[in-house]
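A.B. asks: My structure is in protein37.cif, and what it holds is mmCIF, C-alpha atoms and all ligand atoms:
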```cif
data_structure
loop_
_atom_site.label_atom_id
_atom_site.label_comp_id
_atom_site.auth_asym_id
_atom_site.auth_seq_id
_atom_site.Cartn_x
_atom_site.Cartn_y
_atom_site.Cartn_z
CA MET U 190 0.00 0.00 0.00
CA SER U 191 1.57 3.25 -1.06
CA GLU U 192 1.45 6.69 0.47
CA THR U 193 -1.24 9.21 -0.49
CA VAL U 194 -1.01 12.94 0.04
CA LEU U 195 -4.16 15.05 0.05
CA ARG U 196 -4.42 18.76 0.76
CA VAL U 197 -6.89 20.79 2.72
CA GLU U 198 -7.08 23.89 0.51
CA LEU U 199 -7.37 26.77 2.93
CA GLY U 200 -5.15 29.43 1.36
CA GLU U 201 -2.36 30.41 3.72
CA ARG U 202 -3.61 27.80 6.21
CA ALA U 203 -3.57 24.96 3.63
CA TYR U 204 -1.93 21.74 4.80
CA PRO U 205 -1.15 18.20 3.69
CA ILE U 206 -2.75 14.97 4.92
CA HIS U 207 -0.25 12.13 4.54
CA ILE U 208 -1.83 8.66 4.60
CA GLY U 209 0.06 5.37 4.52
CA PRO U 210 1.81 2.66 6.56
CA GLY U 211 4.89 3.56 8.58
CA LEU U 212 4.55 7.33 8.12
CA MET U 213 4.94 8.31 11.77
CA GLY U 214 8.62 7.33 11.47
CA ARG U 215 9.31 9.44 8.38
CA ALA U 216 11.39 12.47 9.42
CA GLU U 217 10.95 14.36 6.16
CA LEU U 218 7.20 14.71 6.83
CA TYR U 219 7.85 16.55 10.11
CA ALA U 220 10.97 18.46 9.05
CA PRO U 221 9.31 21.44 7.34
CA HIS U 222 7.36 22.14 10.53
CA VAL U 223 9.89 21.38 13.22
CA GLN U 224 13.43 22.26 12.13
CA GLY U 225 15.22 24.30 14.76
CA ARG U 226 12.17 24.37 16.98
CA ARG U 227 11.18 22.81 20.21
CA ALA U 228 8.41 20.25 20.07
CA ALA U 229 5.89 19.11 22.67
CA LEU U 230 4.42 15.65 22.14
CA VAL U 231 0.93 15.38 23.63
CA THR U 232 -0.29 11.81 23.94
CA ASN U 233 -1.99 9.57 26.50
CA GLU U 234 -1.07 6.74 28.84
CA THR U 235 -2.23 4.05 26.35
CA VAL U 236 -0.61 5.41 23.20
CA ALA U 237 2.66 6.60 24.81
CA PRO U 238 4.12 3.11 25.42
CA LEU U 239 3.19 2.07 21.87
CA TYR U 240 4.38 4.98 19.75
CA ALA U 241 5.84 7.93 21.69
CA GLU U 242 9.48 6.87 21.51
CA ARG U 243 9.28 6.35 17.77
CA VAL U 244 7.76 9.77 17.18
CA GLU U 245 10.24 11.46 19.53
CA ALA U 246 13.18 9.83 17.72
CA THR U 247 11.73 10.92 14.38
CA LEU U 248 11.23 14.48 15.61
CA ALA U 249 14.90 14.55 16.66
CA GLN U 250 15.92 13.32 13.18
CA ALA U 251 13.67 15.99 11.69
CA GLY U 252 15.61 18.69 13.51
CA ALA U 253 13.63 19.32 16.70
CA THR U 254 15.95 20.77 19.33
CA THR U 255 14.12 19.12 22.22
CA THR U 256 10.84 17.26 22.66
CA LEU U 257 8.79 17.58 25.81
CA ARG U 258 6.46 14.63 26.48
CA ILE U 259 3.01 15.39 27.92
CA VAL U 260 0.97 12.32 28.82
CA LEU U 261 -2.76 12.68 29.51
CA ARG U 262 -5.06 10.19 31.16
CA ASP U 263 -6.93 8.07 28.63
CA GLY U 264 -10.55 8.47 27.64
CA GLU U 265 -13.42 10.77 26.77
CA ALA U 266 -13.91 11.42 30.49
CA PHE U 267 -10.53 13.21 30.42
CA LYS U 268 -11.38 15.56 27.55
CA THR U 269 -11.52 18.23 30.20
CA TRP U 270 -10.24 21.47 31.54
CA GLU U 271 -7.92 19.48 33.89
CA SER U 272 -6.17 17.83 30.93
CA LEU U 273 -5.85 21.18 29.21
CA GLU U 274 -4.41 22.70 32.38
CA ARG U 275 -1.86 19.87 32.58
CA ILE U 276 -0.68 20.75 29.06
CA TYR U 277 -0.44 24.48 29.81
CA ALA U 278 1.47 23.79 33.04
CA GLN U 279 4.02 21.52 31.37
CA LEU U 280 4.49 23.95 28.49
CA LEU U 281 5.06 26.81 30.92
CA GLU U 282 7.41 24.82 33.15
CA ALA U 283 9.48 23.96 30.06
CA GLN U 284 9.41 27.59 28.92
CA ALA U 285 7.75 26.71 25.64
CA ASP U 286 7.58 29.63 23.24
CA ARG U 287 5.41 30.64 20.32
CA ALA U 288 7.54 28.64 17.89
CA THR U 289 7.08 25.41 19.86
CA LEU U 290 5.29 22.79 17.77
CA ILE U 291 2.65 20.72 19.54
CA VAL U 292 2.44 17.20 18.12
CA ALA U 293 -0.81 15.39 18.97
CA LEU U 294 -0.24 11.62 18.99
CA GLY U 295 -3.37 9.57 19.63
CA GLY U 296 -7.07 9.41 18.92
CA GLY U 297 -9.62 12.16 18.65
CA VAL U 298 -9.56 12.98 22.35
CA VAL U 299 -5.82 13.71 22.39
CA GLY U 300 -6.13 15.49 19.03
CA ASP U 301 -8.96 17.74 20.17
CA VAL U 302 -7.43 18.63 23.56
CA ALA U 303 -3.90 19.15 22.20
CA GLY U 304 -5.33 21.18 19.32
CA PHE U 305 -7.25 23.39 21.75
CA ALA U 306 -4.10 23.85 23.84
CA ALA U 307 -2.29 24.91 20.66
CA ALA U 308 -5.12 27.27 19.73
CA THR U 309 -4.95 29.05 23.07
CA PHE U 310 -1.40 28.81 24.47
CA GLN U 311 0.20 32.23 24.09
CA ARG U 312 -2.76 33.08 21.79
CA GLY U 313 -1.97 30.29 19.38
CA ILE U 314 0.98 28.07 18.48
CA PRO U 315 1.33 25.53 15.64
CA HIS U 316 0.26 21.92 15.97
CA LEU U 317 0.64 18.78 13.92
CA GLN U 318 -1.71 15.82 14.14
CA VAL U 319 -0.50 12.20 14.20
CA PRO U 320 -3.82 10.33 14.49
CA THR U 321 -3.62 6.72 15.66
CA THR U 322 -7.30 5.66 15.68
CA LEU U 323 -9.39 5.03 12.61
CA LEU U 324 -11.82 7.69 13.76
CA ALA U 325 -9.06 10.26 14.05
CA GLN U 326 -7.56 9.28 10.68
CA VAL U 327 -10.86 9.60 8.80
CA ASP U 328 -12.29 12.56 10.64
CA SER U 329 -11.08 14.34 13.76
CA SER U 330 -7.46 15.10 12.79
CA VAL U 331 -8.65 16.97 9.68
CA GLY U 332 -10.46 20.30 9.70
CA GLY U 333 -9.17 22.19 12.72
CA LYS U 334 -12.03 21.72 15.17
CA THR U 335 -10.55 21.55 18.67
CA ALA U 336 -12.43 21.28 21.96
CA ILE U 337 -12.94 20.01 25.45
CA ASN U 338 -16.24 18.79 26.89
CA HIS U 339 -18.34 20.48 29.55
CA ALA U 340 -20.38 18.40 31.99
CA LEU U 341 -23.47 19.89 30.37
CA GLY U 342 -22.50 19.35 26.76
CA LYS U 343 -20.06 17.73 24.39
CA ASN U 344 -17.27 19.81 22.75
CA MET U 345 -18.83 22.98 24.16
CA ILE U 346 -15.56 24.82 24.77
CA GLY U 347 -13.23 25.02 21.79
CA ALA U 348 -11.75 26.85 18.84
CA PHE U 349 -11.05 26.44 15.15
CA HIS U 350 -7.30 25.99 14.75
CA GLN U 351 -5.97 24.17 11.70
CA PRO U 352 -2.97 21.85 12.06
CA VAL U 353 0.16 22.42 9.96
CA ALA U 354 0.00 18.80 8.74
CA VAL U 355 -1.70 15.47 9.39
CA ILE U 356 0.43 12.31 9.38
CA ALA U 357 -1.90 9.30 9.38
CA ASP U 358 0.14 6.13 9.84
CA THR U 359 -2.23 3.34 8.86
CA ALA U 360 0.08 0.72 10.41
CA SER U 361 -0.76 2.13 13.85
CA LEU U 362 -4.30 0.78 13.46
CA VAL U 363 -3.14 -2.81 14.07
CA THR U 364 -3.04 -2.20 17.81
CA LEU U 365 -6.50 -0.63 17.96
CA PRO U 366 -9.10 -2.65 19.95
CA PRO U 367 -12.03 -3.96 17.84
CA ARG U 368 -14.66 -1.76 19.48
CA GLU U 369 -12.58 1.38 18.76
CA PHE U 370 -12.00 0.24 15.20
CA ALA U 371 -15.74 -0.20 14.60
CA ALA U 372 -16.36 3.25 16.07
CA GLY U 373 -14.11 4.72 13.36
CA LEU U 374 -16.09 2.92 10.65
CA ALA U 375 -19.15 4.93 11.74
CA GLU U 376 -17.53 8.15 10.51
CA VAL U 377 -16.51 6.42 7.26
CA VAL U 378 -20.17 5.50 6.68
CA LYS U 379 -21.15 9.08 7.56
CA HIS U 380 -19.06 10.46 4.70
CA GLY U 381 -20.80 8.14 2.23
CA ALA U 382 -24.26 8.77 3.65
CA ILE U 383 -24.04 12.57 3.42
CA HIS U 384 -22.04 13.03 0.24
CA ASP U 385 -21.33 9.99 -1.92
CA LEU U 386 -23.76 7.19 -2.65
CA GLU U 387 -21.14 5.38 -4.73
CA PHE U 388 -18.79 5.33 -1.73
CA LEU U 389 -21.62 4.12 0.50
CA ALA U 390 -22.26 1.26 -1.94
CA TRP U 391 -18.51 0.52 -1.96
CA ILE U 392 -18.55 0.29 1.86
CA GLU U 393 -21.49 -2.14 1.64
CA SER U 394 -19.64 -4.36 -0.81
CA HIS U 395 -16.38 -4.23 1.20
CA ALA U 396 -17.84 -4.44 4.71
CA GLN U 397 -16.16 -7.78 5.43
CA GLU U 398 -12.74 -6.59 4.27
CA LEU U 399 -13.11 -3.42 6.31
CA VAL U 400 -14.03 -5.28 9.48
CA ALA U 401 -11.05 -7.58 8.85
CA ARG U 402 -8.83 -4.45 8.46
CA GLU U 403 -7.73 -5.56 5.01
CA PRO U 404 -5.07 -2.91 4.16
CA ARG U 405 -6.25 -2.09 0.63
CA ALA U 406 -9.86 -1.62 1.62
CA LEU U 407 -8.86 0.36 4.69
CA ALA U 408 -6.58 2.63 2.66
CA HIS U 409 -9.42 3.42 0.26
CA ALA U 410 -11.87 4.10 3.10
CA ILE U 411 -9.43 6.50 4.82
CA ARG U 412 -8.46 8.25 1.60
CA ARG U 413 -12.02 8.76 0.37
CA SER U 414 -13.19 9.93 3.81
CA CYS U 415 -10.37 12.48 4.02
CA GLU U 416 -11.09 13.67 0.45
CA ILE U 417 -14.73 14.28 1.30
CA LYS U 418 -13.96 15.95 4.61
CA ALA U 419 -11.15 18.09 3.14
CA ARG U 420 -13.42 19.33 0.36
CA ILE U 421 -16.23 20.27 2.74
CA VAL U 422 -13.86 21.98 5.20
CA ALA U 423 -12.16 23.93 2.40
CA ALA U 424 -15.56 25.23 1.29
CA ASP U 425 -16.76 26.18 4.79
CA GLU U 426 -13.95 26.22 7.34
CA ARG U 427 -15.97 27.76 10.20
CA GLU U 428 -19.24 25.94 9.65
CA THR U 429 -21.40 28.78 8.47
CA GLY U 430 -23.10 26.37 6.06
CA ALA U 431 -22.23 23.07 4.41
CA ARG U 432 -19.74 21.91 7.06
CA ALA U 433 -22.70 21.24 9.35
CA LEU U 434 -23.50 18.26 7.09
CA LEU U 435 -20.52 16.52 8.72
CA ASN U 436 -22.62 16.58 11.86
CA PHE U 437 -25.02 13.96 10.48
CA GLY U 438 -25.98 11.73 13.43
CA HIS U 439 -24.23 14.02 15.91
CA THR U 440 -27.22 15.89 17.37
CA PHE U 441 -28.67 12.61 18.62
CA GLY U 442 -25.16 11.20 19.14
CA HIS U 443 -23.79 14.01 21.28
CA ALA U 444 -26.94 13.84 23.43
CA ILE U 445 -26.35 10.10 23.93
CA GLU U 446 -22.68 10.60 24.87
CA SER U 447 -23.37 13.44 27.28
CA ALA U 448 -26.49 12.03 28.91
CA ALA U 449 -25.04 8.53 29.34
CA GLY U 450 -21.85 9.94 30.90
CA TYR U 451 -18.70 10.55 28.82
CA GLY U 452 -16.97 7.31 27.93
CA THR U 453 -19.99 5.04 28.40
CA TRP U 454 -20.73 5.12 24.69
CA LEU U 455 -17.77 5.61 22.34
CA HIS U 456 -18.16 8.69 20.16
CA GLY U 457 -18.39 6.60 16.97
CA GLU U 458 -20.98 4.29 18.55
CA ALA U 459 -23.12 7.27 19.54
CA VAL U 460 -22.76 8.71 16.03
CA ALA U 461 -23.79 5.35 14.51
CA THR U 462 -26.94 5.25 16.60
CA GLY U 463 -27.44 8.96 15.89
CA MET U 464 -27.23 8.31 12.14
CA ALA U 465 -29.69 5.43 12.46
CA LEU U 466 -32.08 7.76 14.30
CA ALA U 467 -31.59 10.61 11.83
CA ALA U 468 -32.24 8.23 8.91
CA ARG U 469 -35.35 6.77 10.55
CA PHE U 470 -36.58 10.28 11.38
CA SER U 471 -35.92 11.36 7.77
CA ALA U 472 -38.12 8.45 6.68
CA ARG U 473 -40.77 9.35 9.26
CA LEU U 474 -40.93 12.84 7.74
CA GLY U 475 -41.25 11.38 4.25
CA ARG U 476 -37.87 12.71 3.07
CA ILE U 477 -36.51 9.26 2.17
CA PRO U 478 -38.11 5.83 1.68
CA ALA U 479 -38.17 3.65 4.81
CA ALA U 480 -36.16 1.07 2.83
CA ASP U 481 -33.27 3.56 2.44
CA ALA U 482 -33.21 4.23 6.18
CA GLN U 483 -33.21 0.47 6.75
CA ARG U 484 -30.34 0.06 4.26
CA LEU U 485 -28.16 2.48 6.24
CA VAL U 486 -29.13 0.90 9.57
CA ALA U 487 -28.33 -2.59 8.22
CA LEU U 488 -24.88 -1.46 7.06
CA LEU U 489 -24.05 0.05 10.45
CA ALA U 490 -25.18 -3.14 12.19
CA ARG U 491 -23.05 -5.29 9.83
CA LEU U 492 -20.03 -3.18 10.81
CA GLY U 493 -20.65 -4.08 14.44
CA LEU U 494 -22.17 -0.76 15.48
CA PRO U 495 -25.16 -0.10 17.75
CA VAL U 496 -28.26 1.25 16.01
CA ASP U 497 -30.90 1.32 18.75
CA ALA U 498 -31.49 4.37 20.91
CA PRO U 499 -30.95 4.20 24.67
CA SER U 500 -34.19 4.66 26.59
CA PHE U 501 -33.72 8.19 27.90
CA PRO U 502 -36.77 10.13 29.09
CA LEU U 503 -38.01 12.58 26.45
CA ASP U 504 -36.91 15.54 28.60
CA THR U 505 -33.35 14.25 28.70
CA TRP U 506 -33.20 14.01 24.89
CA LEU U 507 -34.63 17.50 24.50
CA GLU U 508 -32.38 19.02 27.17
CA TYR U 509 -29.17 17.78 25.54
CA MET U 510 -30.30 18.21 21.93
CA GLY U 511 -31.44 21.71 22.86
CA ARG U 512 -27.83 22.65 23.62
CA ASP U 513 -26.45 21.57 20.25
CA LYS U 514 -24.13 24.10 18.61
CA LYS U 515 -26.13 24.06 15.36
CA ASN U 516 -29.31 25.32 17.04
CA GLU U 517 -30.57 28.82 16.46
CA GLY U 518 -33.17 30.77 18.41
CA GLY U 519 -34.13 27.82 20.58
CA ARG U 520 -34.99 25.60 17.60
CA ILE U 521 -33.24 22.28 17.14
CA THR U 522 -31.32 22.02 13.85
CA LEU U 523 -30.91 18.50 12.48
CA ILE U 524 -28.96 17.03 9.60
CA LEU U 525 -31.40 14.81 7.75
CA LEU U 526 -31.25 12.85 4.51
CA ASP U 527 -32.85 13.85 1.21
CA SER U 528 -31.57 10.59 -0.23
CA LEU U 529 -28.73 8.21 0.57
CA GLY U 530 -25.61 10.19 -0.38
CA ARG U 531 -27.30 13.59 0.07
CA ALA U 532 -27.90 15.31 3.39
CA ALA U 533 -29.59 18.59 4.25
CA ILE U 534 -29.42 21.08 7.11
CA VAL U 535 -32.94 21.29 8.53
CA LYS U 536 -33.48 24.32 10.76
CA ASP U 537 -37.24 24.02 10.98
CA THR U 538 -37.45 20.49 12.35
CA PRO U 539 -41.13 19.97 13.26
CA ALA U 540 -40.95 19.97 17.06
CA ALA U 541 -44.04 17.82 17.59
CA ALA U 542 -42.84 15.16 15.13
CA LEU U 543 -39.44 15.07 16.84
CA ARG U 544 -41.04 14.69 20.28
CA ASP U 545 -43.28 11.86 19.04
CA PHE U 546 -40.30 10.17 17.41
CA LEU U 547 -38.12 10.41 20.53
CA ALA U 548 -40.93 9.43 22.88
CA ALA U 549 -41.62 6.32 20.79
CA GLY U 550 -38.04 5.18 21.56
P1 LIG T 601 -10.05 8.22 21.65
O1 LIG T 601 -9.20 9.35 21.36
O2 LIG T 601 -10.63 8.09 23.02
O3 LIG T 601 -9.28 6.88 21.28
C1 LIG T 601 -9.91 5.66 21.45
C2 LIG T 601 -9.08 4.70 22.32
O4 LIG T 601 -8.06 4.11 21.54
C3 LIG T 601 -8.39 5.35 23.49
O5 LIG T 601 -8.41 4.46 24.60
C4 LIG T 601 -6.96 5.52 22.99
O6 LIG T 601 -6.02 5.61 24.01
C5 LIG T 601 -6.79 4.27 22.19
N1 LIG T 601 -5.82 4.30 21.11
C6 LIG T 601 -5.53 5.32 20.28
N2 LIG T 601 -4.72 4.92 19.30
C7 LIG T 601 -4.47 3.61 19.54
C8 LIG T 601 -3.71 2.64 18.87
N3 LIG T 601 -3.11 2.89 17.70
N4 LIG T 601 -3.63 1.39 19.40
C9 LIG T 601 -4.30 1.11 20.55
N5 LIG T 601 -5.07 1.97 21.21
C10 LIG T 601 -5.15 3.22 20.70
O7 LIG T 601 -11.32 8.18 20.66
P2 LIG T 601 -11.48 8.48 19.11
O8 LIG T 601 -12.58 7.62 18.67
O9 LIG T 601 -10.18 8.42 18.40
O10 LIG T 601 -11.94 10.00 19.09
C11 LIG T 601 -13.18 10.41 19.64
C12 LIG T 601 -13.10 11.88 19.94
O11 LIG T 601 -12.91 12.60 18.73
C13 LIG T 601 -14.37 12.42 20.57
O12 LIG T 601 -14.03 13.22 21.68
C14 LIG T 601 -14.99 13.26 19.47
O13 LIG T 601 -15.74 14.33 19.98
C15 LIG T 601 -13.77 13.72 18.73
N6 LIG T 601 -14.04 14.08 17.33
C16 LIG T 601 -13.57 15.28 16.90
C17 LIG T 601 -13.76 15.67 15.59
C18 LIG T 601 -13.17 16.94 15.08
O14 LIG T 601 -13.49 17.36 13.97
N7 LIG T 601 -12.31 17.59 15.84
C19 LIG T 601 -14.44 14.81 14.69
C20 LIG T 601 -14.90 13.58 15.18
C21 LIG T 601 -14.68 13.23 16.50
N1 LIG T 602 -16.72 16.35 12.75
C1 LIG T 602 -17.44 17.47 12.23
C2 LIG T 602 -16.56 18.52 11.63
O1 LIG T 602 -15.37 18.43 11.63
O2 LIG T 602 -17.07 19.49 11.16
#
```
Re-express the file's structure as structure tokens.
Ligand code: NAD
Ligand code: GLY
C.D. replies:
Amino acid sequence: MSETVLRVELGERAYPIHIGPGLMGRAELYAPHVQGRRAALVTNETVAPLYAERVEATLAQAGATTTLRIVLRDGEAFKTWESLERIYAQLLEAQADRATLIVALGGGVVGDVAGFAAATFQRGIPHLQVPTTLLAQVDSSVGGKTAINHALGKNMIGAFHQPVAVIADTASLVTLPPREFAAGLAEVVKHGAIHDLEFLAWIESHAQELVAREPRALAHAIRRSCEIKARIVAADERETGARALLNFGHTFGHAIESAAGYGTWLHGEAVATGMALAARFSARLGRIPAADAQRLVALLARLGLPVDAPSFPLDTWLEYMGRDKKNEGGRITLILLDSLGRAAIVKDTPAAALRDFLAAG
């Protein structure tokens, strides 16, 4: 499997996404961003023993003068102010400066927290993403959304801050536990469902290979997902329009993650169930045939993902969905389907229909 390079076309903030096996050990990919600078590697207690030494050695080869290692506790429950504070404290103790490069090594949690630290430390320093989960390689490392959670809502405190590069080493996925791997497939399906029916059909016909982590199939899924995401981000970096489509399944999904307690459901699992709900609700409203909703639900289930909503009281759903960042003027905005492969931003979701749908469970 060879290397692919894509670009997120954002003018002076444009950057490459490198995808391929073994890339985290390739010094020339880091060198343009690190030469003569200090680096700070932000990772977590699970990923550090697997990959931190290799990345630190590569940063040294690439010309980093020193690399500080910052190790966070693992999990969505630690996507918090306390983790952010730990990063700031270590950066300050080491006298990091504005030229220091933050390197985020890990999944979406590390990427989002390290990215937010980079967005805010000394009013903004550069960061580079080295995603090591499937979810982070197909979604979270690309596009510059950074955040921490608040007890009352997911990703509620954050900033847009684009990385200088993404280095997605597909070989790192061999150590990923099966449940985490499946969670990443949810975001792959999302890209097909909102934007590319042909890709969705390809996922259906390669579901077995994907679950088996067959390298060729996996490479295509990562590449196509990044292409779709990069194009949407380039067109609408700060989500004033089309970027919200990438939130398909997330209004229900974020409510599930927050209400269940961070870490109970994996993000990708909550998004899978959220997409199943959004597809069923699209069918309920007559936007798509029920058979199309069922087709998407069946694919998610085949990939080992949950598709049935937890039994929250109606008020719990409405409380958390009511805090979604897409909402305007107290009305819940949803991303719904107009067909498989085409999503729409729906700002005038009929409130009564949504209540009936949620109450029916
Ligand atoms: P995660 O970061 O919690 O990683 C999942 C688990 O896998 C963790 O236990 C981690 O330590 C472990 N891990 C990571 N790489 C590994 C490897 N190679 N081998 C073995 N274990 C490994 O979860 P995630 O699914 O990567 O990311 C979810 C987060 O991403 C959520 O907080 C979500 O909100 C965020 N997200 C952000 C964006 C964005 O645009 N910024 C998009 C989607 C999701
Ligand atoms: N994951 C949604 C986005 O990046 O916009």
A.B. asks: How would you write, as a ChimeraX atom specification, the set of residues no farther than 6 Å from ligand LIG 602 (chain T) when counting all atoms listed in the file?
C.D. replies: /U:332,334,432,435-436
A.B. asks: Mind dumping a table of every chain U residue within 8 Å of ligand LIG 601 (chain T), with the nearest atom pair and its distance in Å to one decimal, using only C-alpha atoms and all ligand atoms, sorted by chain and rising number, as a Markdown table?
C.D. replies:
```
| residue | atom | partner | partner_atom | distance |
| --- | --- | --- | --- | --- |
| U:Asn233 | CA | T:LIG601 | O6 | 6.2 |
| U:Glu234 | CA | T:LIG601 | O6 | 7.0 |
| U:Thr235 | CA | T:LIG601 | O6 | 4.7 |
| U:Val236 | CA | T:LIG601 | O6 | 5.5 |
| U:Leu239 | CA | T:LIG601 | N4 | 7.3 |
| U:Asp263 | CA | T:LIG601 | O6 | 5.3 |
| U:Gly264 | CA | T:LIG601 | O2 | 4.6 |
| U:Glu265 | CA | T:LIG601 | O2 | 5.4 |
| U:Lys268 | CA | T:LIG601 | O12 | 6.9 |
| U:Gly295 | CA | T:LIG601 | C6 | 4.8 |
| U:Gly296 | CA | T:LIG601 | O1 | 3.2 |
| U:Gly297 | CA | T:LIG601 | O10 | 3.2 |
| U:Val298 | CA | T:LIG601 | O1 | 3.8 |
| U:Val299 | CA | T:LIG601 | O1 | 5.6 |
| U:Gly300 | CA | T:LIG601 | O1 | 7.2 |
| U:Asp301 | CA | T:LIG601 | N7 | 5.5 |
| U:Pro320 | CA | T:LIG601 | N2 | 7.3 |
| U:Thr321 | CA | T:LIG601 | N2 | 4.2 |
| U:Thr322 | CA | T:LIG601 | N2 | 4.5 |
| U:Leu323 | CA | T:LIG601 | O9 | 6.8 |
| U:Leu324 | CA | T:LIG601 | O8 | 5.0 |
| U:Ala325 | CA | T:LIG601 | O9 | 4.9 |
| U:Asp328 | CA | T:LIG601 | C19 | 5.1 |
| U:Ser329 | CA | T:LIG601 | C17 | 3.5 |
| U:Ser330 | CA | T:LIG601 | N7 | 6.2 |
| U:Val331 | CA | T:LIG601 | O14 | 6.5 |
| U:Gly332 | CA | T:LIG601 | O14 | 6.0 |
| U:Gly333 | CA | T:LIG601 | N7 | 6.4 |
| U:Lys334 | CA | T:LIG601 | N7 | 4.2 |
| U:Thr335 | CA | T:LIG601 | N7 | 5.2 |
| U:Ala336 | CA | T:LIG601 | N7 | 7.1 |
| U:Ile337 | CA | T:LIG601 | O12 | 7.8 |
| U:Asn338 | CA | T:LIG601 | O12 | 7.9 |
| U:Lys343 | CA | T:LIG601 | O13 | 7.0 |
| U:Asn344 | CA | T:LIG601 | O13 | 6.3 |
| U:Ser361 | CA | T:LIG601 | N3 | 4.6 |
| U:Leu362 | CA | T:LIG601 | N3 | 4.9 |
| U:Val363 | CA | T:LIG601 | N3 | 6.8 |
| U:Thr364 | CA | T:LIG601 | N4 | 4.0 |
| U:Leu365 | CA | T:LIG601 | N4 | 3.8 |
| U:Pro366 | CA | T:LIG601 | C9 | 6.1 |
| U:Glu369 | CA | T:LIG601 | C1 | 5.7 |
| U:Ala372 | CA | T:LIG601 | O8 | 6.3 |
| U:Gly373 | CA | T:LIG601 | O8 | 6.2 |
| U:Glu376 | CA | T:LIG601 | C20 | 7.6 |
| U:Leu455 | CA | T:LIG601 | O8 | 6.7 |
| U:His456 | CA | T:LIG601 | C11 | 5.3 |
| U:Gly457 | CA | T:LIG601 | O8 | 6.1 |
```
A.B. asks: Using all atoms listed in the file, pick whichever of U:Gly342, U:Pro495, U:Pro210, U:Pro352 has the shortest atom-to-atom distance to Ala307 in chain U.
C.D. replies: U:Pro352
A.B. asks: Using only C-alpha atoms and a cutoff of 12 Å, can you tell me which residues are near (-31.4, 15.0, 27.1) in the file's coordinates, and write them out as a count of residues only?
C.D. replies: 32
A.B. asks: Take every atom of range 470-482 of chain U listed in the file, fit an axis-aligned box around them, add 6 Å per side, and give the centre and edge lengths in Å to one decimal as AutoDock Vina command-line options.
C.D. replies:
```
--center_x -37.2 --center_y 7.0 --center_z 6.5 --size_x 20.0 --size_y 23.8 --size_z 21.7
```
A.B. asks: Hey, can you check how far CA of Val319 in chain U sits from CA of Ile421 in chain U?
C.D. replies: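 Separation between CA of Val319 in chain U and CA of Ile421 in chain U: 21.1 Å.
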A.B. asks: Contacts of Ile524 in chain U at 10 Å or less, counting only C-alpha atoms, minus same-chain residues fewer than 2 places along, as a PyMOL selection string?
C.D. replies: chain U and resi 383+433-440+464+467-468+471+515+522+526-527+532-536+538
A.B. asks: Would you list the residues near (15.0, 21.3, 14.0), meaning any protein, DNA or RNA residue with an atom at most 9 Å from that point in file coordinates, counting only C-alpha atoms, as a count of residues only?
C.D. replies: 16
A.B. asks: Identify which of the residues U:Arg202, U:Arg258, U:His395, U:Lys379 lies closest to Gly530 in chain U, counting all atoms listed in the file when measuring atom-to-atom distances.
C.D. replies: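 Of U:Arg202, U:Arg258, U:His395, U:Lys379, the one nearest Gly530 in chain U is U:Lys379, counting all atoms listed in the file.
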A.B. asks: Hey, can you check how far CA of Met345 in chain U sits from CA of Ile521 in chain U?
C.D. replies: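 CA of Met345 in chain U sits 16.0 Å away from CA of Ile521 in chain U.
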A.B. asks: Separation of CA of Gly493 in chain U and CA of His409 in chain U, in Å?
C.D. replies: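 Here the two named atoms are 19.6 Å from each other.
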A.B. asks: Using all atoms listed in the file, which residue out of U:Arg215, U:His339, U:Arg262, U:Arg405 lies closest to Tyr451 in chain U?
C.D. replies: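 Ranked by minimum distance to Tyr451 in chain U, first place goes to U:His339.
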A.B. asks: Assuming the input is short of atoms at range 522-530 of chain U, produce N, CA and C atoms for that part as a short mmCIF file (atom, residue, chain, number, x, y, z; two decimals), in the coordinates of the input.
C.D. replies:
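This went into rebuild_27.cif:
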```cif
data_model
loop_
_atom_site.label_atom_id
_atom_site.label_comp_id
_atom_site.auth_asym_id
_atom_site.auth_seq_id
_atom_site.Cartn_x
_atom_site.Cartn_y
_atom_site.Cartn_z
N THR U 522 -31.71 22.25 15.25
CA THR U 522 -31.32 22.02 13.85
C THR U 522 -30.87 20.57 13.73
N LEU U 523 -31.34 19.88 12.70
CA LEU U 523 -30.91 18.50 12.48
C LEU U 523 -30.33 18.35 11.08
N ILE U 524 -29.42 17.41 10.94
CA ILE U 524 -28.96 17.03 9.60
C ILE U 524 -29.76 15.80 9.22
N LEU U 525 -30.55 15.93 8.17
CA LEU U 525 -31.40 14.81 7.75
C LEU U 525 -31.04 14.44 6.31
N LEU U 526 -31.58 13.32 5.86
CA LEU U 526 -31.25 12.85 4.51
C LEU U 526 -32.34 13.24 3.53
N ASP U 527 -31.91 13.68 2.33
CA ASP U 527 -32.85 13.85 1.21
C ASP U 527 -32.81 12.63 0.32
N SER U 528 -31.70 11.90 0.40
CA SER U 528 -31.57 10.59 -0.23
C SER U 528 -30.29 10.01 0.36
N LEU U 529 -30.02 8.75 0.12
CA LEU U 529 -28.73 8.21 0.57
C LEU U 529 -27.66 8.89 -0.28
N GLY U 530 -26.64 9.46 0.36
CA GLY U 530 -25.61 10.19 -0.38
C GLY U 530 -25.89 11.68 -0.46
#
```
